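Colleague: Supplied structure: protein_2.pdb, PDB, C-alpha atoms.
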```pdb
ATOM      1  CA  MET A   1     -13.719   2.092  -8.568  1.00  0.00           C
ATOM      2  CA  LYS A   2     -15.196   4.774  -6.339  1.00  0.00           C
ATOM      3  CA  ILE A   3     -18.028   6.851  -7.825  1.00  0.00           C
ATOM      4  CA  ASP A   4     -18.858  10.201  -6.192  1.00  0.00           C
ATOM      5  CA  LEU A   5     -22.147  11.692  -7.342  1.00  0.00           C
ATOM      6  CA  SER A   6     -23.293  15.207  -6.503  1.00  0.00           C
ATOM      7  CA  GLY A   7     -26.033  17.479  -7.762  1.00  0.00           C
ATOM      8  CA  HIS A   8     -26.309  21.239  -8.210  1.00  0.00           C
ATOM      9  CA  HIS A   9     -29.908  22.473  -8.113  1.00  0.00           C
ATOM     10  CA  VAL A  10     -31.125  18.907  -8.562  1.00  0.00           C
ATOM     11  CA  ASP A  11     -32.018  16.164  -6.094  1.00  0.00           C
ATOM     12  CA  ILE A  12     -30.163  12.903  -6.673  1.00  0.00           C
ATOM     13  CA  THR A  13     -32.789  10.181  -6.612  1.00  0.00           C
ATOM     14  CA  ASP A  14     -32.088   6.481  -6.245  1.00  0.00           C
ATOM     15  CA  SER A  15     -32.968   5.890  -9.898  1.00  0.00           C
ATOM     16  CA  LEU A  16     -30.504   8.609 -11.042  1.00  0.00           C
ATOM     17  CA  ARG A  17     -27.793   7.154  -8.808  1.00  0.00           C
ATOM     18  CA  ALA A  18     -28.402   3.631 -10.141  1.00  0.00           C
ATOM     19  CA  TYR A  19     -28.394   4.890 -13.745  1.00  0.00           C
ATOM     20  CA  VAL A  20     -25.079   6.748 -13.268  1.00  0.00           C
ATOM     21  CA  ASP A  21     -23.551   3.716 -11.508  1.00  0.00           C
ATOM     22  CA  GLU A  22     -24.595   1.479 -14.411  1.00  0.00           C
ATOM     23  CA  LYS A  23     -23.335   3.795 -17.160  1.00  0.00           C
ATOM     24  CA  VAL A  24     -20.060   4.780 -15.493  1.00  0.00           C
ATOM     25  CA  GLY A  25     -19.483   1.237 -14.260  1.00  0.00           C
ATOM     26  CA  ARG A  26     -19.188  -0.033 -17.838  1.00  0.00           C
ATOM     27  CA  LEU A  27     -15.984   2.003 -18.237  1.00  0.00           C
ATOM     28  CA  GLU A  28     -14.151  -0.647 -16.223  1.00  0.00           C
ATOM     29  CA  LYS A  29     -14.559  -3.193 -19.015  1.00  0.00           C
ATOM     30  CA  HIS A  30     -12.289  -1.080 -21.243  1.00  0.00           C
ATOM     31  CA  PHE A  31      -9.780   0.088 -18.660  1.00  0.00           C
ATOM     32  CA  ASP A  32      -9.504  -1.469 -15.218  1.00  0.00           C
ATOM     33  CA  ARG A  33      -7.124   1.121 -13.737  1.00  0.00           C
ATOM     34  CA  VAL A  34      -9.802   3.721 -13.045  1.00  0.00           C
ATOM     35  CA  THR A  35      -9.404   4.718  -9.412  1.00  0.00           C
ATOM     36  CA  ASP A  36     -11.933   7.478  -8.833  1.00  0.00           C
ATOM     37  CA  VAL A  37     -14.889   9.034 -10.688  1.00  0.00           C
ATOM     38  CA  HIS A  38     -16.585  12.285  -9.698  1.00  0.00           C
ATOM     39  CA  VAL A  39     -19.906  13.008 -11.438  1.00  0.00           C
ATOM     40  CA  VAL A  40     -21.768  16.312 -11.109  1.00  0.00           C
ATOM     41  CA  LEU A  41     -25.365  16.618 -12.308  1.00  0.00           C
ATOM     42  CA  SER A  42     -26.781  20.131 -12.604  1.00  0.00           C
ATOM     43  CA  VAL A  43     -29.778  22.016 -13.961  1.00  0.00           C
ATOM     44  CA  GLU A  44     -29.528  25.467 -15.547  1.00  0.00           C
ATOM     45  CA  LYS A  45     -32.766  26.935 -16.870  1.00  0.00           C
ATOM     46  CA  GLN A  46     -33.991  24.389 -19.441  1.00  0.00           C
ATOM     47  CA  SER A  47     -30.754  22.423 -19.881  1.00  0.00           C
ATOM     48  CA  GLN A  48     -29.621  19.399 -17.928  1.00  0.00           C
ATOM     49  CA  LYS A  49     -25.830  19.059 -17.531  1.00  0.00           C
ATOM     50  CA  ALA A  50     -23.697  16.106 -16.580  1.00  0.00           C
ATOM     51  CA  GLU A  51     -19.952  16.455 -15.911  1.00  0.00           C
ATOM     52  CA  ALA A  52     -17.437  13.837 -14.862  1.00  0.00           C
ATOM     53  CA  THR A  53     -13.786  13.712 -13.899  1.00  0.00           C
ATOM     54  CA  ILE A  54     -12.031  10.353 -13.962  1.00  0.00           C
ATOM     55  CA  HIS A  55      -8.743   9.777 -12.195  1.00  0.00           C
ATOM     56  CA  VAL A  56      -6.563   7.142 -13.835  1.00  0.00           C
ATOM     57  CA  LYS A  57      -2.949   6.371 -13.167  1.00  0.00           C
ATOM     58  CA  GLY A  58      -0.944   9.301 -14.477  1.00  0.00           C
ATOM     59  CA  ASN A  59      -3.857  11.309 -15.887  1.00  0.00           C
ATOM     60  CA  LYS A  60      -7.231  12.965 -15.335  1.00  0.00           C
ATOM     61  CA  ILE A  61      -9.996  12.666 -17.895  1.00  0.00           C
ATOM     62  CA  PHE A  62     -12.821  15.216 -17.999  1.00  0.00           C
ATOM     63  CA  ALA A  63     -16.025  15.243 -20.041  1.00  0.00           C
ATOM     64  CA  HIS A  64     -19.305  17.093 -19.969  1.00  0.00           C
ATOM     65  CA  ALA A  65     -22.619  16.745 -21.758  1.00  0.00           C
ATOM     66  CA  GLU A  66     -25.718  18.899 -21.962  1.00  0.00           C
ATOM     67  CA  ASN A  67     -29.223  17.979 -23.071  1.00  0.00           C
ATOM     68  CA  ALA A  68     -32.880  18.715 -22.346  1.00  0.00           C
ATOM     69  CA  ASP A  69     -33.224  15.312 -20.626  1.00  0.00           C
ATOM     70  CA  MET A  70     -30.950  14.283 -17.723  1.00  0.00           C
ATOM     71  CA  TYR A  71     -30.838  10.607 -18.716  1.00  0.00           C
ATOM     72  CA  THR A  72     -29.824  11.519 -22.282  1.00  0.00           C
ATOM     73  CA  ALA A  73     -27.115  13.811 -20.909  1.00  0.00           C
ATOM     74  CA  ILE A  74     -25.790  10.933 -18.769  1.00  0.00           C
ATOM     75  CA  ASP A  75     -25.803   8.626 -21.828  1.00  0.00           C
ATOM     76  CA  SER A  76     -23.882  11.174 -23.862  1.00  0.00           C
ATOM     77  CA  LEU A  77     -21.426  11.689 -20.999  1.00  0.00           C
ATOM     78  CA  ALA A  78     -20.813   7.954 -20.692  1.00  0.00           C
ATOM     79  CA  ASP A  79     -20.155   7.671 -24.443  1.00  0.00           C
ATOM     80  CA  LYS A  80     -17.661  10.555 -24.349  1.00  0.00           C
ATOM     81  CA  LEU A  81     -15.866   9.066 -21.351  1.00  0.00           C
ATOM     82  CA  ASP A  82     -15.780   5.680 -23.051  1.00  0.00           C
ATOM     83  CA  ARG A  83     -14.062   7.141 -26.132  1.00  0.00           C
ATOM     84  CA  GLN A  84     -11.585   9.080 -24.005  1.00  0.00           C
ATOM     85  CA  ILE A  85     -10.730   6.011 -21.895  1.00  0.00           C
ATOM     86  CA  ILE A  86     -10.066   3.965 -25.048  1.00  0.00           C
ATOM     87  CA  LYS A  87      -7.892   6.774 -26.436  1.00  0.00           C
ATOM     88  CA  HIS A  88      -5.947   6.965 -23.157  1.00  0.00           C
ATOM     89  CA  LYS A  89      -5.471   3.203 -23.135  1.00  0.00           C
ATOM     90  CA  GLU A  90      -4.110   3.269 -26.707  1.00  0.00           C
ATOM     91  CA  LYS A  91      -1.680   6.050 -25.803  1.00  0.00           C
ATOM     92  CA  ILE A  92      -0.110   4.059 -22.995  1.00  0.00           C
ATOM     93  CA  THR A  93       0.012   0.789 -24.958  1.00  0.00           C
ATOM     94  CA  ASN A  94       3.189  -0.053 -26.828  1.00  0.00           C
ATOM     95  CA  HIS A  95       1.400  -1.481 -29.923  1.00  0.00           C
ATOM     96  CA  ARG A  96       4.018  -4.243 -29.985  1.00  0.00           C
ATOM     97  CA  GLY A  97       2.178  -6.297 -27.442  1.00  0.00           C
ATOM     98  CA  LYS A  98       3.899  -4.977 -24.317  1.00  0.00           C
ATOM     99  CA  PRO A  99       2.602  -2.183 -22.115  1.00  0.00           C
ATOM    100  CA  ALA A 100       4.531   1.051 -22.463  1.00  0.00           C
ATOM    101  CA  ARG A 101       6.206   2.589 -19.478  1.00  0.00           C
ATOM    102  CA  ILE A 102       5.097   5.959 -18.296  1.00  0.00           C
ATOM    103  CA  ASN A 103       8.598   6.956 -17.197  1.00  0.00           C
ATOM    104  CA  ASN A 104      11.371   5.960 -19.592  1.00  0.00           C
ATOM    105  CA  ASN A 105      14.369   7.032 -17.537  1.00  0.00           C
ATOM    106  CA  GLU A 106      16.398   3.917 -18.192  1.00  0.00           C
ATOM    107  CA  GLU A 107      20.011   4.257 -19.147  1.00  0.00           C
ATOM    108  CA  VAL A 108      21.224   2.403 -22.217  1.00  0.00           C
ATOM    109  CA  ASP A 109      24.726   1.002 -22.326  1.00  0.00           C
ATOM    110  CA  ALA A 110      26.644   1.880 -25.492  1.00  0.00           C
ATOM    111  CA  ASP A 111      27.787  -1.750 -25.849  1.00  0.00           C
ATOM    112  CA  ASP A 112      24.150  -2.869 -26.135  1.00  0.00           C
ATOM    113  CA  LEU A 113      23.576  -0.791 -29.253  1.00  0.00           C
ATOM    114  CA  ASP A 114      24.380  -2.171 -32.708  1.00  0.00           C
ATOM    115  CA  LEU A 115      25.478   0.874 -34.603  1.00  0.00           C
ATOM    116  CA  ASP A 116      27.453   0.856 -37.819  1.00  0.00           C
ATOM    117  CA  LEU A 117      28.987   4.274 -38.011  1.00  0.00           C
ATOM    118  CA  ASP A 118      31.329   5.244 -40.800  1.00  0.00           C
ATOM    119  CA  LEU A 119      33.251   8.217 -39.624  1.00  0.00           C
ATOM    120  CA  ASP A 120      35.562   9.639 -42.225  1.00  0.00           C
ATOM    121  CA  GLU A 121      38.342  11.575 -40.657  1.00  0.00           C
ATOM    122  CA  ASN A 122      39.430  14.022 -43.336  1.00  0.00           C
TER     123      ASN A 122
END
```
Kindly transcribe the structure held in the file into structure tokens.

Modeller:
Amino acid sequence: MKIDLSGHHVDITDSLRAYVDEKVGRLEKHFDRVTDVHVVLSVEKQSQKAEATIHVKGNKIFAHAENADMYTAIDSLADKLDRQIIKHKEKITNHRGKPARINNNEEVDADDLDLDLDLDEN
């Protein structure tokens, strides 16, 4: 997983970078198909903002958090992303034990279907 970190009106220190890497890195334990993460940290007046866009196969997941403390905003962002990743994983899972397919363009042969149709021709 590639993590891009940028800052608007804030300097990205080594401790901030390590904290973001730790918090965003835990997302891989729930869903290992995360390909790219872009995190933007910004400061506007008295509020600290953290935004992230995650690219997963077939979807983009976006979340943002705002708080007076940057580390708390990053924690909140990581929690939101965690919930969204779990929700995305449940959507693509076939709840019968097999992974669902994203594209279901398979043709079904009529002989494979067991249909009991009573057609009354009146």

Colleague: Quick one: distance from CA of Phe31 in chain A to CA of Ser6 in chain A in Å, one decimal?

Modeller: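 Going from CA of Phe31 in chain A over to CA of Ser6 in chain A covers 23.6 Å.
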
Colleague: With 10 Å as the threshold, what does the neighbourhood of (-16.9, 13.0, -6.5) contain in terms of residues, counting all atoms listed in the file? Coordinates are those of the file; answer as a PyMOL selection string.

Modeller: chain A and resi 2-6+36-40+52-54

Colleague: Record the distance separating CA of Ile61 in chain A and CA of Val43 in chain A, expressed in Å with one decimal.

Modeller: 22.2 Å

Colleague: Taking all atoms listed in the file into account, name the residue in A:Ile92, A:Lys87, A:Leu81, A:Ile12 that is nearest to Gly25 in chain A.

Modeller: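 Using all atoms listed in the file, Gly25 in chain A sits closest to A:Leu81.
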
Colleague: Find the residues near Asp32 in chain A: any atom within 12 Å, counting only C-alpha atoms, skip ones fewer than 5 places away on the same chain, and give them as a ChimeraX atom specification.

Modeller: /A:1,25-27,55-57,85-86,89

Colleague: Expand the PyMOL selection byres ((chain A and resi 48) around 6) into the individual residues it matches in the shown file, reporting them as a PyMOL selection string.

Modeller: chain A and resi 43+47+49+66-68+70

Colleague: How many Å separate CA of Thr35 in chain A from CA of His9 in chain A?

Modeller: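 Taking CA of Thr35 in chain A and CA of His9 in chain A, their separation equals 27.2 Å.
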
Colleague: Any chance you could work out the axis-aligned box around range 76-92 of chain A, listed atoms only, 6 Å on each side, giving centre and edge lengths in Å to one decimal, as lines of an AutoDock Vina configuration file?

Modeller:
```
center_x = -12.0
center_y = 7.4
center_z = -23.7
size_x = 35.8
size_y = 20.5
size_z = 18.0
```

Colleague: I need the residue nearest Val10 in chain A from this list: A:Asp75, A:Glu44, A:Glu90, A:Glu51. Use all atoms listed in the file for the distance.

Modeller: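 Smallest distance to Val10 in chain A is found for A:Glu44.
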
Colleague: May I ask which of the residues A:Thr93, A:Asn59, A:Leu41, A:Val24 is the closest one to Asp79 in chain A, counting only C-alpha atoms?

Modeller: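 Of all the options, A:Val24 lies closest to Asp79 in chain A.
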
Colleague: Give the answer as one residue: which of A:Glu22, A:Ala78, A:Asp69, A:His30 has the shortest atom-to-atom distance to Gln46 in chain A, using only C-alpha atoms?

Modeller: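 Closest residue, counting only C-alpha atoms: A:Asp69.
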
Colleague: Closest to His88 in chain A among A:Val20, A:Thr72, A:Ser42, A:Val34, using only C-alpha atoms?

Modeller: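 Closest residue, counting only C-alpha atoms: A:Val34.
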
Colleague: With all atoms listed in the file as the atoms that count, which of A:Asp82, A:Ala50, A:Tyr71, A:Leu77 lies nearest to Ser15 in chain A?

Modeller: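 The shortest atom-to-atom distance to Ser15 in chain A comes from A:Tyr71.
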